[in-house]
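Shown next: start.txt, containing compact mmCIF, C-alpha atoms.
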# COMPACT_ATOMS: atom_id res chain seq x y z
CA MET A 1 7.92 25.37 25.52
CA THR A 2 10.98 23.69 27.04
CA GLY A 3 12.02 24.16 30.64
CA THR A 4 15.01 26.34 29.81
CA GLU A 5 12.71 28.83 28.07
CA HIS A 6 10.62 29.45 31.17
CA PRO A 7 11.25 32.82 32.86
CA GLY A 8 12.76 32.61 36.32
CA THR A 9 14.46 29.30 35.59
CA VAL A 10 17.46 28.36 37.72
CA ASP A 11 19.91 26.02 36.00
CA VAL A 12 21.44 23.35 38.22
CA SER A 13 23.83 20.91 36.53
CA GLY A 14 22.07 21.50 33.24
CA GLN A 15 18.60 20.86 34.69
CA PRO A 16 15.94 23.65 34.95
CA TYR A 17 14.40 24.43 38.35
CA LEU A 18 12.04 27.00 39.79
CA ARG A 19 12.07 28.27 43.36
CA ASP A 20 8.86 27.69 45.32
CA ALA A 21 7.38 29.99 47.98
CA LYS A 22 9.69 28.46 50.62
CA GLY A 23 12.80 29.08 48.55
CA SER A 24 13.31 25.43 47.64
CA LEU A 25 14.33 24.45 44.11
CA VAL A 26 11.73 22.32 42.33
CA PRO A 27 12.49 20.59 39.00
CA ILE A 28 10.38 22.10 36.23
CA ALA A 29 9.56 18.58 35.08
CA ALA A 30 7.80 18.03 38.41
CA ILE A 31 5.63 21.18 38.18
CA ARG A 32 2.12 20.99 36.72
CA ALA A 33 1.66 22.59 33.32
CA ALA A 34 -1.13 24.85 34.68
CA ASP A 35 1.20 26.15 37.42
CA LEU A 36 3.93 26.83 34.86
CA LEU A 37 1.49 28.76 32.67
CA MET A 38 0.29 30.78 35.66
CA ASP A 39 3.86 31.49 36.74
CA GLU A 40 4.83 32.69 33.27
CA LEU A 41 1.72 34.89 32.96
CA VAL A 42 2.28 36.51 36.35
CA ARG A 43 5.97 37.16 35.67
CA ASP A 44 5.19 38.70 32.26
CA MET A 45 2.39 40.92 33.60
CA VAL A 46 4.39 42.09 36.62
CA ALA A 47 7.35 42.95 34.37
CA GLU A 48 5.03 45.00 32.16
CA ALA A 49 3.49 46.67 35.24
CA VAL A 50 6.93 47.60 36.61
CA LYS A 51 7.86 49.20 33.28
CA LEU A 52 4.52 51.01 33.05
CA SER A 53 4.89 52.27 36.63
CA ALA A 54 8.33 53.64 35.81
CA ASP A 55 6.98 55.30 32.65
CA ILE A 56 4.15 56.93 34.61
CA ALA A 57 6.56 58.15 37.29
CA ALA A 58 8.83 59.65 34.60
CA PHE A 59 5.81 61.24 32.89
CA LYS A 60 4.71 62.81 36.19
CA VAL A 61 8.16 64.30 36.79
CA SER A 62 8.26 65.57 33.21
CA SER A 63 4.77 67.10 33.55
CA PHE A 64 5.71 69.09 36.66
CA ARG A 65 8.94 70.21 35.03
CA ARG A 66 7.25 71.40 31.83
CA VAL A 67 4.51 73.27 33.70
CA GLY A 68 7.19 74.87 35.89
CA GLU A 69 9.14 75.94 32.82
CA LEU A 70 6.02 77.61 31.37
CA GLN A 71 5.36 79.40 34.66
CA ALA A 72 8.96 80.62 34.76
CA LEU A 73 8.74 81.83 31.15
CA ILE A 74 5.54 83.78 31.76
CA ALA A 75 6.92 85.18 35.03
CA GLN A 76 10.02 86.38 33.20
CA GLN A 77 8.06 87.87 30.32
CA TYR A 78 5.41 89.67 32.35
CA ASN A 79 7.13 89.92 35.73
CA ALA A 80 4.12 88.21 37.29
CA LYS A 81 3.65 84.82 38.90
CA ILE A 82 0.86 82.55 37.64
CA GLY A 83 -0.73 79.95 39.86
CA GLY A 84 -2.24 79.97 43.34
CA PRO A 85 -0.38 80.42 46.63
CA LYS A 86 0.16 76.64 46.93
CA GLY A 87 1.26 76.31 43.32
CA ASN A 88 -2.15 75.22 42.03
CA ILE A 89 -2.59 76.05 38.37
CA THR A 90 -4.89 75.13 35.47
CA LEU A 91 -3.64 75.31 31.87
CA SER A 92 -6.07 75.09 28.94
CA SER A 93 -5.73 74.45 25.24
CA PHE A 94 -6.66 77.31 22.91
CA ASP A 95 -10.01 75.69 22.01
CA GLY A 96 -10.88 75.15 25.68
CA CYS A 97 -11.36 71.42 25.20
CA GLN A 98 -8.26 70.13 26.98
CA LYS A 99 -6.72 71.10 30.29
CA VAL A 100 -3.93 70.23 32.66
CA GLN A 101 -4.31 70.87 36.38
CA VAL A 102 -1.47 70.89 38.88
CA GLN A 103 -2.68 70.77 42.47
CA ALA A 104 -1.09 70.57 45.90
CA ALA A 105 -3.07 68.83 48.64
CA ASP A 106 -2.17 68.98 52.33
CA GLN A 107 -1.71 65.65 54.08
CA LEU A 108 -3.49 65.72 57.44
CA GLU A 109 -3.57 63.71 60.63
CA PHE A 110 -5.55 64.16 63.85
CA GLY A 111 -4.12 64.67 67.32
CA PRO A 112 -5.42 63.52 70.75
CA GLU A 113 -7.94 66.37 70.85
CA LEU A 114 -10.10 64.21 68.59
CA GLU A 115 -10.73 61.78 71.47
CA ALA A 116 -11.94 64.66 73.64
CA ALA A 117 -14.26 65.71 70.82
CA LYS A 118 -15.67 62.18 70.60
CA ALA A 119 -16.45 62.15 74.31
CA LEU A 120 -18.36 65.44 74.03
CA ILE A 121 -20.20 64.28 70.91
CA ASP A 122 -21.23 61.04 72.64
CA GLU A 123 -22.63 63.09 75.53
CA CYS A 124 -24.70 65.14 73.10
CA LEU A 125 -25.99 62.15 71.16
CA ASN A 126 -26.94 60.24 74.31
CA GLU A 127 -28.88 63.24 75.59
CA TRP A 128 -30.45 63.93 72.19
CA ALA A 129 -31.49 60.29 71.74
CA ALA A 130 -35.07 61.20 70.98
CA THR A 131 -34.29 64.05 68.61
CA SER A 132 -30.96 63.24 66.91
CA GLY A 133 -31.59 61.56 63.57
CA ALA A 134 -30.16 58.26 62.46
CA GLU A 135 -28.23 60.12 59.76
CA LEU A 136 -26.22 62.10 62.33
CA ARG A 137 -25.46 58.98 64.37
CA ALA A 138 -24.34 57.16 61.22
CA LEU A 139 -22.08 60.09 60.29
CA VAL A 140 -20.49 60.15 63.74
CA ASN A 141 -19.87 56.40 63.54
CA ARG A 142 -18.19 56.83 60.16
CA VAL A 143 -16.03 59.69 61.41
CA PHE A 144 -14.49 57.68 64.24
CA GLN A 145 -14.14 54.44 62.30
CA VAL A 146 -10.51 53.85 61.31
CA ASP A 147 -9.41 52.23 58.06
CA GLN A 148 -7.00 49.31 57.68
CA GLN A 149 -4.06 51.67 58.24
CA GLY A 150 -5.62 52.91 61.49
CA LYS A 151 -6.42 56.32 60.01
CA ILE A 152 -9.60 58.39 60.17
CA SER A 153 -11.25 59.71 57.01
CA THR A 154 -10.61 63.45 56.70
CA SER A 155 -13.64 63.87 54.40
CA HIS A 156 -15.97 62.43 57.07
CA VAL A 157 -14.43 64.71 59.72
CA PHE A 158 -15.03 67.78 57.54
CA MET A 159 -18.63 66.66 56.95
CA LEU A 160 -19.14 66.53 60.72
CA LEU A 161 -17.69 70.02 61.13
CA ARG A 162 -20.51 71.34 58.95
CA VAL A 163 -23.14 70.13 61.46
CA GLU A 164 -24.28 73.05 63.62
CA SER A 165 -25.80 73.03 67.10
CA GLU A 166 -26.40 75.61 69.83
CA ASP A 167 -25.30 73.07 72.45
CA GLU A 168 -22.11 74.36 74.10
CA ARG A 169 -20.68 70.84 74.33
CA TRP A 170 -21.14 70.35 70.58
CA GLN A 171 -19.43 73.66 69.87
CA LYS A 172 -16.52 72.71 72.15
CA ALA A 173 -16.32 69.35 70.35
CA MET A 174 -16.05 71.10 67.00
CA GLU A 175 -13.36 73.38 68.45
CA ALA A 176 -11.47 70.31 69.67
CA ILE A 177 -11.67 68.78 66.18
CA HIS A 178 -10.26 71.96 64.65
CA ASP A 179 -7.43 71.92 67.20
CA SER A 180 -6.70 68.25 66.45
CA ILE A 181 -5.91 68.84 62.77
CA ARG A 182 -2.20 68.63 61.94
CA VAL A 183 -0.67 69.34 58.52
CA ILE A 184 2.12 66.76 58.17
CA GLY A 185 3.06 67.35 54.55
CA SER A 186 1.88 68.09 51.06
CA ARG A 187 1.43 65.96 47.95
CA ASN A 188 1.39 67.26 44.39
CA TYR A 189 -1.01 65.97 41.75
CA VAL A 190 -1.31 66.49 38.01
CA ARG A 191 -4.65 65.79 36.32
CA PHE A 192 -5.62 65.77 32.66
CA SER A 193 -9.11 66.37 31.24
CA ARG A 194 -10.78 66.83 27.88
CA ARG A 195 -14.21 67.47 26.39
CA ASP A 196 -15.80 67.37 22.95
CA ALA A 197 -16.86 71.04 22.85
CA GLY A 198 -16.53 74.23 24.85
CA ASP A 199 -19.90 73.70 26.53
CA ALA A 200 -19.57 69.92 27.05
CA PRO A 201 -18.79 68.33 30.43
CA TRP A 202 -15.18 67.56 31.27
CA ARG A 203 -13.95 63.96 31.24
CA GLY A 204 -10.88 63.04 33.24
CA ILE A 205 -8.14 61.02 31.54
CA PRO A 206 -7.40 58.17 33.96
CA ILE A 207 -3.77 57.24 34.36
CA ASP A 208 -4.09 55.32 37.64
CA ILE A 209 -4.69 51.70 36.55
CA ALA A 210 -7.30 51.30 39.28
CA ALA A 211 -9.37 54.08 37.72
CA ALA A 212 -8.86 53.08 34.09

Structure re-expressed in structure tokens:
Amino acid sequence: MTGTEHPGTVDVSGQPYLRDAKGSLVPIAAIRAADLLMDELVRDMVAEAVKLSADIAAFKVSSFRRVGELQALIAQQYNAKIGGPKGNITLSSFDGCQKVQVQAADQLEFGPELEAAKALIDECLNEWAATSGAELRALVNRVFQVDQQGKISTSHVFMLLRVESEDERWQKAMEAIHDSIRVIGSRNYVRFSRRDAGDAPWRGIPIDIAAA
């Protein structure tokens, strides 16, 4: 492979260069062969990933459109809307072995009431030190542990809401958690599944590359 064939090459006075991480032009002749191979591989794979991402985005838009067209057709024919109040709907093949699910999920965040709930929960746990199990303490720790984006896991919060106690402080803490929940938007999902027979378990068809 000659220098001029390398992707990303910058031609300067007839000589091939590549830009380094600082933006400086480096003659290809001065770059190690292993670094050139790595550069070419990364550029090729990222280009393929960009195209695949665009294809998936177009497929998602097309999927919502086609499901919406079917809903509109059925609504027109039978004067009845199909799908749940949020637009959730499941479509199945005639043999019951393939299905498409369109779902809307609320995006949540938690307000300052959550800090008040934590204070009340800490009071309870400190007083219940001899009787509260390690599992409950571990759950509480997980609930109030933020991720790298500084957000709290909604699934852990909902697990905590299922814990019952007659203690008035605990009940007020659960009320504060309920009051802290804010719906800040909604995100639509489309999922595809199939199975080998009508009584076989469903298998999701992964499209997200991380789940493939």

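Closest to A:Ile177 among A:Ala104, A:Ala21, A:Val157, A:Val140 is A:Val157, based on only C-alpha atoms.
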
Next on the checklist: Would you compute the distance between atom CA of A:Phe192 and atom CA of A:Ala54? Give it in Å to one decimal.
Outcome noted: 18.8 Å

Next on the checklist: What's the separation between atom CA of A:Arg137 and atom CA of A:Glu164, in Å to one decimal place?
Outcome noted: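 It comes out at 14.1 Å.
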
Item to check | Residue neighbourhood stretch 195-207 of chain A, 12 Å, all atoms listed in the file, exclusion window fewer than 4 positions, as a PyMOL selection string | outcome: chain A and resi 52-53+55-57+59-60+92-101+189-191+211-212

Next on the checklist: Report, in Å to a single decimal, how far apart atom CA of A:Val67 and atom CA of A:Gly185 are.
Outcome noted: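 Separating atom CA of A:Gly185 from atom CA of A:Val67 is a distance of 21.7 Å.
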
Next on the checklist: Applying 12 Å and all atoms listed in the file, which residues near stretch 36-46 of chain A remain after dropping the ones on its own chain fewer than 6 positions away? List them as a list in words.
Outcome noted: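 Counting all atoms listed in the file, the residues come to Met1, Thr2, Gly3, Glu5, His6, Pro7, Gly8, Thr9, Tyr17, Leu18, Arg19, Asp20, Ala21, Val26, Pro27, Ile28, Ala29, Ala30, Leu52 and Ser53 of chain A.
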
Checklist entry - Of the residues A:Tyr78, A:Trp128, A:Phe144, A:Phe158, which is the one nearest to A:Leu108, using all atoms listed in the file? => result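 Comparing A:Tyr78, A:Trp128, A:Phe144, A:Phe158 against A:Leu108, the winner is A:Phe158.
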